[in-house]
>>> print(open('work03.cif').read())   # mmCIF, N, CA and C atoms and all ligand atoms
data_entry
#
loop_
_atom_site.label_atom_id
_atom_site.label_comp_id
_atom_site.auth_asym_id
_atom_site.auth_seq_id
_atom_site.Cartn_x
_atom_site.Cartn_y
_atom_site.Cartn_z
N MET A 768 16.87 -18.48 -12.26
CA MET A 768 18.30 -18.49 -11.95
C MET A 768 18.52 -18.81 -10.47
N ARG A 769 19.48 -19.70 -10.21
CA ARG A 769 19.69 -20.11 -8.83
C ARG A 769 20.82 -19.37 -8.15
N ASN A 770 21.60 -18.68 -8.93
CA ASN A 770 22.70 -17.92 -8.35
C ASN A 770 22.59 -16.46 -8.73
N CYS A 771 23.16 -15.63 -7.90
CA CYS A 771 23.15 -14.20 -8.18
C CYS A 771 23.97 -13.92 -9.43
N PRO A 772 23.41 -13.14 -10.39
CA PRO A 772 24.16 -12.86 -11.62
C PRO A 772 25.40 -12.01 -11.37
N GLN A 773 25.45 -11.36 -10.23
CA GLN A 773 26.59 -10.48 -9.95
C GLN A 773 27.69 -11.14 -9.12
N CYS A 774 27.29 -11.69 -7.95
CA CYS A 774 28.33 -12.26 -7.09
C CYS A 774 28.36 -13.79 -7.14
N GLY A 775 27.33 -14.41 -7.77
CA GLY A 775 27.34 -15.86 -7.92
C GLY A 775 26.91 -16.64 -6.69
N LYS A 776 26.50 -15.93 -5.67
CA LYS A 776 26.04 -16.58 -4.44
C LYS A 776 24.75 -17.35 -4.69
N ALA A 777 24.61 -18.49 -4.02
CA ALA A 777 23.41 -19.30 -4.18
C ALA A 777 22.20 -18.59 -3.58
N ARG A 778 21.07 -18.81 -4.24
CA ARG A 778 19.83 -18.17 -3.82
C ARG A 778 19.29 -18.82 -2.55
N LYS A 779 18.77 -17.96 -1.68
CA LYS A 779 18.20 -18.47 -0.43
C LYS A 779 16.70 -18.32 -0.44
N GLY A 780 15.99 -19.43 -0.20
CA GLY A 780 14.53 -19.42 -0.04
C GLY A 780 13.79 -18.72 -1.16
N GLU A 781 12.85 -17.85 -0.77
CA GLU A 781 11.96 -17.21 -1.73
C GLU A 781 12.39 -15.80 -2.09
N GLU A 782 13.62 -15.47 -1.83
CA GLU A 782 14.11 -14.12 -2.10
C GLU A 782 14.09 -13.83 -3.60
N PHE A 783 13.73 -12.60 -3.94
CA PHE A 783 13.73 -12.18 -5.33
C PHE A 783 15.06 -11.54 -5.70
N LYS A 784 15.67 -10.93 -4.68
CA LYS A 784 16.91 -10.19 -4.91
C LYS A 784 18.03 -10.82 -4.10
N CYS A 785 19.24 -10.63 -4.56
CA CYS A 785 20.40 -11.06 -3.79
C CYS A 785 20.55 -10.10 -2.61
N PRO A 786 20.57 -10.61 -1.38
CA PRO A 786 20.66 -9.70 -0.23
C PRO A 786 21.97 -8.91 -0.17
N THR A 787 23.01 -9.42 -0.79
CA THR A 787 24.30 -8.74 -0.75
C THR A 787 24.40 -7.62 -1.78
N CYS A 788 24.01 -7.91 -3.02
CA CYS A 788 24.17 -6.87 -4.06
C CYS A 788 22.87 -6.20 -4.47
N ASP A 789 21.74 -6.62 -3.92
CA ASP A 789 20.46 -6.00 -4.24
C ASP A 789 20.13 -6.10 -5.74
N VAL A 790 20.51 -7.24 -6.32
CA VAL A 790 20.29 -7.48 -7.75
C VAL A 790 19.26 -8.61 -7.87
N PHE A 791 18.34 -8.48 -8.81
CA PHE A 791 17.34 -9.53 -9.02
C PHE A 791 18.00 -10.76 -9.61
N TYR A 792 17.54 -11.93 -9.20
CA TYR A 792 18.11 -13.17 -9.72
C TYR A 792 17.80 -13.37 -11.19
N SER A 793 16.58 -12.94 -11.61
CA SER A 793 16.23 -13.02 -13.03
C SER A 793 15.15 -11.99 -13.33
N LYS A 794 14.89 -11.82 -14.62
CA LYS A 794 13.86 -10.86 -15.04
C LYS A 794 12.50 -11.25 -14.47
N LEU A 795 12.26 -12.55 -14.39
CA LEU A 795 10.99 -13.04 -13.86
C LEU A 795 10.84 -12.66 -12.39
N ASP A 796 11.94 -12.76 -11.65
CA ASP A 796 11.91 -12.39 -10.24
C ASP A 796 11.61 -10.91 -10.07
N GLU A 797 12.14 -10.12 -10.99
CA GLU A 797 11.90 -8.69 -10.95
C GLU A 797 10.41 -8.41 -11.15
N LEU A 798 9.81 -9.10 -12.12
CA LEU A 798 8.39 -8.93 -12.41
C LEU A 798 7.53 -9.38 -11.23
N LEU A 799 7.91 -10.52 -10.65
CA LEU A 799 7.17 -11.05 -9.50
C LEU A 799 7.26 -10.10 -8.31
N TYR A 800 8.44 -9.54 -8.14
CA TYR A 800 8.67 -8.61 -7.04
C TYR A 800 7.80 -7.36 -7.21
N GLU A 801 7.79 -6.83 -8.42
CA GLU A 801 6.97 -5.65 -8.72
C GLU A 801 5.50 -5.92 -8.48
N GLU A 802 5.08 -7.11 -8.90
CA GLU A 802 3.69 -7.51 -8.73
C GLU A 802 3.33 -7.58 -7.25
N GLN A 803 4.25 -8.13 -6.47
CA GLN A 803 4.05 -8.25 -5.03
C GLN A 803 3.95 -6.87 -4.37
N GLN A 804 4.83 -5.97 -4.80
CA GLN A 804 4.83 -4.61 -4.26
C GLN A 804 3.51 -3.91 -4.58
N LYS A 805 3.06 -4.10 -5.82
CA LYS A 805 1.83 -3.49 -6.28
C LYS A 805 0.64 -4.01 -5.47
N ASN A 806 0.63 -5.32 -5.25
CA ASN A 806 -0.45 -5.91 -4.47
C ASN A 806 -0.44 -5.41 -3.05
N GLU A 807 0.73 -5.28 -2.50
CA GLU A 807 0.83 -4.82 -1.12
C GLU A 807 0.36 -3.37 -0.98
N GLN A 808 0.63 -2.59 -2.03
CA GLN A 808 0.23 -1.19 -2.01
C GLN A 808 -1.28 -1.03 -1.99
N ASN A 809 -1.97 -2.06 -2.48
CA ASN A 809 -3.42 -1.98 -2.53
C ASN A 809 -4.09 -2.52 -1.28
N THR A 810 -3.32 -3.03 -0.35
CA THR A 810 -3.91 -3.52 0.88
C THR A 810 -3.80 -2.44 1.96
N LEU A 811 -4.65 -2.54 2.95
CA LEU A 811 -4.64 -1.56 4.04
C LEU A 811 -3.31 -1.60 4.78
N LYS A 812 -2.81 -2.80 4.98
CA LYS A 812 -1.54 -2.98 5.68
C LYS A 812 -0.40 -2.29 4.93
N GLY A 813 -0.41 -2.48 3.62
CA GLY A 813 0.62 -1.87 2.79
C GLY A 813 0.53 -0.36 2.81
N ARG A 814 -0.70 0.14 2.82
CA ARG A 814 -0.91 1.59 2.83
C ARG A 814 -0.46 2.19 4.16
N LEU A 815 -0.77 1.48 5.25
CA LEU A 815 -0.36 1.95 6.57
C LEU A 815 1.16 1.96 6.67
N LYS A 816 1.77 0.97 6.07
CA LYS A 816 3.23 0.87 6.05
C LYS A 816 3.83 2.10 5.40
N ILE A 817 3.23 2.55 4.29
CA ILE A 817 3.72 3.72 3.57
C ILE A 817 3.61 4.95 4.47
N ILE A 818 2.48 5.07 5.18
CA ILE A 818 2.27 6.21 6.08
C ILE A 818 3.31 6.21 7.20
N PHE A 819 3.53 5.04 7.80
CA PHE A 819 4.47 4.97 8.91
C PHE A 819 5.92 5.15 8.46
N ALA A 820 6.18 4.84 7.19
CA ALA A 820 7.54 4.99 6.67
C ALA A 820 7.85 6.42 6.27
N ALA A 821 6.80 7.24 6.12
CA ALA A 821 6.98 8.62 5.67
C ALA A 821 7.64 9.48 6.75
N ASP A 822 8.37 10.48 6.30
CA ASP A 822 9.03 11.41 7.23
C ASP A 822 7.99 12.24 7.97
N ASN A 823 7.01 12.69 7.20
CA ASN A 823 5.93 13.47 7.78
C ASN A 823 4.67 12.60 7.77
N ARG A 824 4.43 11.93 8.89
CA ARG A 824 3.31 10.99 8.97
C ARG A 824 1.96 11.66 8.81
N LYS A 825 1.82 12.83 9.39
CA LYS A 825 0.54 13.54 9.32
C LYS A 825 0.20 13.89 7.87
N GLN A 826 1.22 14.40 7.18
CA GLN A 826 1.05 14.78 5.78
C GLN A 826 0.72 13.54 4.93
N ALA A 827 1.43 12.45 5.22
CA ALA A 827 1.21 11.20 4.49
C ALA A 827 -0.20 10.68 4.72
N ALA A 828 -0.67 10.80 5.97
CA ALA A 828 -2.01 10.33 6.30
C ALA A 828 -3.07 11.17 5.57
N VAL A 829 -2.84 12.47 5.52
CA VAL A 829 -3.78 13.37 4.83
C VAL A 829 -3.79 13.04 3.34
N ALA A 830 -2.59 12.83 2.77
CA ALA A 830 -2.47 12.49 1.35
C ALA A 830 -3.19 11.17 1.07
N GLU A 831 -3.07 10.24 1.99
CA GLU A 831 -3.70 8.94 1.84
C GLU A 831 -5.22 9.07 1.87
N LEU A 832 -5.72 9.85 2.82
CA LEU A 832 -7.17 10.05 2.93
C LEU A 832 -7.71 10.75 1.69
N THR A 833 -6.94 11.73 1.19
CA THR A 833 -7.33 12.43 -0.04
C THR A 833 -7.41 11.45 -1.20
N HIS A 834 -6.41 10.56 -1.25
CA HIS A 834 -6.37 9.55 -2.31
C HIS A 834 -7.57 8.61 -2.22
N ILE A 835 -7.89 8.19 -0.99
CA ILE A 835 -9.04 7.29 -0.78
C ILE A 835 -10.32 7.99 -1.23
N TRP A 836 -10.45 9.26 -0.83
CA TRP A 836 -11.64 10.03 -1.19
C TRP A 836 -11.77 10.19 -2.70
N LYS A 837 -10.64 10.43 -3.37
CA LYS A 837 -10.64 10.61 -4.83
C LYS A 837 -11.01 9.32 -5.55
N THR A 838 -10.59 8.18 -5.00
CA THR A 838 -10.84 6.91 -5.66
C THR A 838 -12.17 6.28 -5.24
N THR A 839 -12.84 6.89 -4.26
CA THR A 839 -14.13 6.37 -3.82
C THR A 839 -15.20 6.73 -4.85
N PRO A 840 -16.01 5.75 -5.26
CA PRO A 840 -17.06 6.07 -6.23
C PRO A 840 -18.11 7.03 -5.65
N LEU A 841 -18.73 7.80 -6.55
CA LEU A 841 -19.70 8.81 -6.13
C LEU A 841 -20.84 8.22 -5.30
N LYS A 842 -21.28 7.05 -5.68
CA LYS A 842 -22.38 6.38 -4.98
C LYS A 842 -22.02 6.13 -3.51
N THR A 843 -20.79 5.68 -3.29
CA THR A 843 -20.32 5.43 -1.93
C THR A 843 -20.25 6.74 -1.15
N LYS A 844 -19.80 7.79 -1.83
CA LYS A 844 -19.70 9.10 -1.19
C LYS A 844 -21.07 9.57 -0.73
N ILE A 845 -22.06 9.43 -1.61
CA ILE A 845 -23.43 9.85 -1.27
C ILE A 845 -23.93 9.05 -0.07
N THR A 846 -23.67 7.74 -0.10
CA THR A 846 -24.08 6.88 1.02
C THR A 846 -23.43 7.35 2.32
N LEU A 847 -22.14 7.62 2.26
CA LEU A 847 -21.41 8.07 3.44
C LEU A 847 -21.97 9.39 3.97
N TRP A 848 -22.26 10.31 3.04
CA TRP A 848 -22.81 11.60 3.44
C TRP A 848 -24.18 11.43 4.08
N THR A 849 -24.99 10.51 3.52
CA THR A 849 -26.33 10.26 4.07
C THR A 849 -26.21 9.74 5.49
N ILE A 850 -25.29 8.78 5.70
CA ILE A 850 -25.08 8.22 7.03
C ILE A 850 -24.61 9.32 7.98
N PHE A 851 -23.69 10.11 7.51
CA PHE A 851 -23.14 11.20 8.31
C PHE A 851 -24.25 12.19 8.71
N ALA A 852 -25.06 12.57 7.74
CA ALA A 852 -26.16 13.51 7.99
C ALA A 852 -27.16 12.91 8.96
N PHE A 853 -27.44 11.64 8.82
CA PHE A 853 -28.38 10.94 9.69
C PHE A 853 -27.88 10.92 11.13
N VAL A 854 -26.61 10.56 11.29
CA VAL A 854 -26.00 10.51 12.63
C VAL A 854 -25.99 11.91 13.23
N PHE A 855 -25.65 12.88 12.40
CA PHE A 855 -25.61 14.27 12.85
C PHE A 855 -26.99 14.73 13.34
N ALA A 856 -28.01 14.44 12.56
CA ALA A 856 -29.39 14.81 12.91
C ALA A 856 -29.82 14.13 14.20
N LEU A 857 -29.41 12.90 14.36
CA LEU A 857 -29.73 12.11 15.55
C LEU A 857 -29.09 12.73 16.79
N VAL A 858 -27.82 13.08 16.66
CA VAL A 858 -27.08 13.68 17.77
C VAL A 858 -27.70 15.03 18.14
N VAL A 859 -28.00 15.81 17.13
CA VAL A 859 -28.58 17.14 17.35
C VAL A 859 -29.93 17.04 18.05
N SER A 860 -30.76 16.08 17.63
CA SER A 860 -32.09 15.94 18.22
C SER A 860 -32.02 15.46 19.68
N VAL A 861 -30.99 14.70 19.99
CA VAL A 861 -30.82 14.21 21.36
C VAL A 861 -30.35 15.34 22.28
N LEU A 862 -29.47 16.17 21.75
CA LEU A 862 -28.90 17.25 22.59
C LEU A 862 -29.94 18.29 22.96
ZN ZN B 1 24.83 -11.08 -5.23
#
>>> encode(input="work03.cif", output="structure tokens")
Amino acid sequence: MRNCPQCGKARKGEEFKCPTCDVFYSKLDELLYEEQQKNEQNTLKGRLKIIFAADNRKQAAVAELTHIWKTTPLKTKITLWTIFAFVFALVVSVL
């Protein structure tokens, strides 16, 4: 659809929604928009955006780290712990 279904204004560029009424130009645009949002949420930039947009940034950051930890596979966790233990042992032996 080239015009807004609500106000009839012509579509500008790559916008999915009408900037005046916040209405999607078509069902396809709505789907594309959702897909874009979903993709952005999975990127580091998108995740940081969510943290910075939160009212309580510290809480959001903690929630994000918890989420990352929950979604991290066990194998990666073990590797991380091994690296951590190794670095810790190294630091302790130097001190
Ligand atoms: Zn409109």
>>> residues_near_ligand(input="work03.cif", ligand="ligand ZN 1 (chain B)", cutoff="6 Å", atoms="all atoms listed in the file", output="MDAnalysis selection string")
chainID A and resid 771:776 785:790
>>> atom_distance(input="work03.cif", atom1="CA of Gln826 in chain A", atom2="CA of Asn809 in chain A")
19.2 Å
>>> atom_distance(input="work03.cif", atom1="atom C of Phe783 in chain A", atom2="atom N of Arg769 in chain A")
10.3 Å
>>> atom_distance(input="work03.cif", atom1="atom N of Lys825 in chain A", atom2="atom N of Lys842 in chain A")
28.2 Å
>>> select_by_dssp(input="work03.cif", residues="chain A", states="strand (DSSP E or B)", output="PDB file with N, CA and C atoms, in the frame of the given file")
ATOM      1  N   ASN A 770      21.600 -18.680  -8.930  1.00  0.00           N
ATOM      2  CA  ASN A 770      22.700 -17.920  -8.350  1.00  0.00           C
ATOM      3  C   ASN A 770      22.590 -16.460  -8.730  1.00  0.00           C
ATOM      4  N   ALA A 777      24.610 -18.490  -4.020  1.00  0.00           N
ATOM      5  CA  ALA A 777      23.410 -19.300  -4.180  1.00  0.00           C
ATOM      6  C   ALA A 777      22.200 -18.590  -3.580  1.00  0.00           C
ATOM      7  N   LYS A 784      15.670 -10.930  -4.680  1.00  0.00           N
ATOM      8  CA  LYS A 784      16.910 -10.190  -4.910  1.00  0.00           C
ATOM      9  C   LYS A 784      18.030 -10.820  -4.100  1.00  0.00           C
ATOM     10  N   PHE A 791      18.340  -8.480  -8.810  1.00  0.00           N
ATOM     11  CA  PHE A 791      17.340  -9.530  -9.020  1.00  0.00           C
ATOM     12  C   PHE A 791      18.000 -10.760  -9.610  1.00  0.00           C
TER      13      PHE A 791
END
>>> residues_around(input="work03.cif", residues="range 794-802 of chain A", least_positions_apart="2", cutoff="8 Å", atoms="all atoms listed in the file", output="JSON, numbers by chain")
{"A": [768, 782, 783, 784, 790, 791, 792, 804, 805, 806, 807, 808]}
>>> select_by_dssp(input="work03.cif", residues="chain A", states="helix (DSSP H, G or I)", output="MDAnalysis selection string")
chainID A and resid 794:808 811:820 824:838 841:861
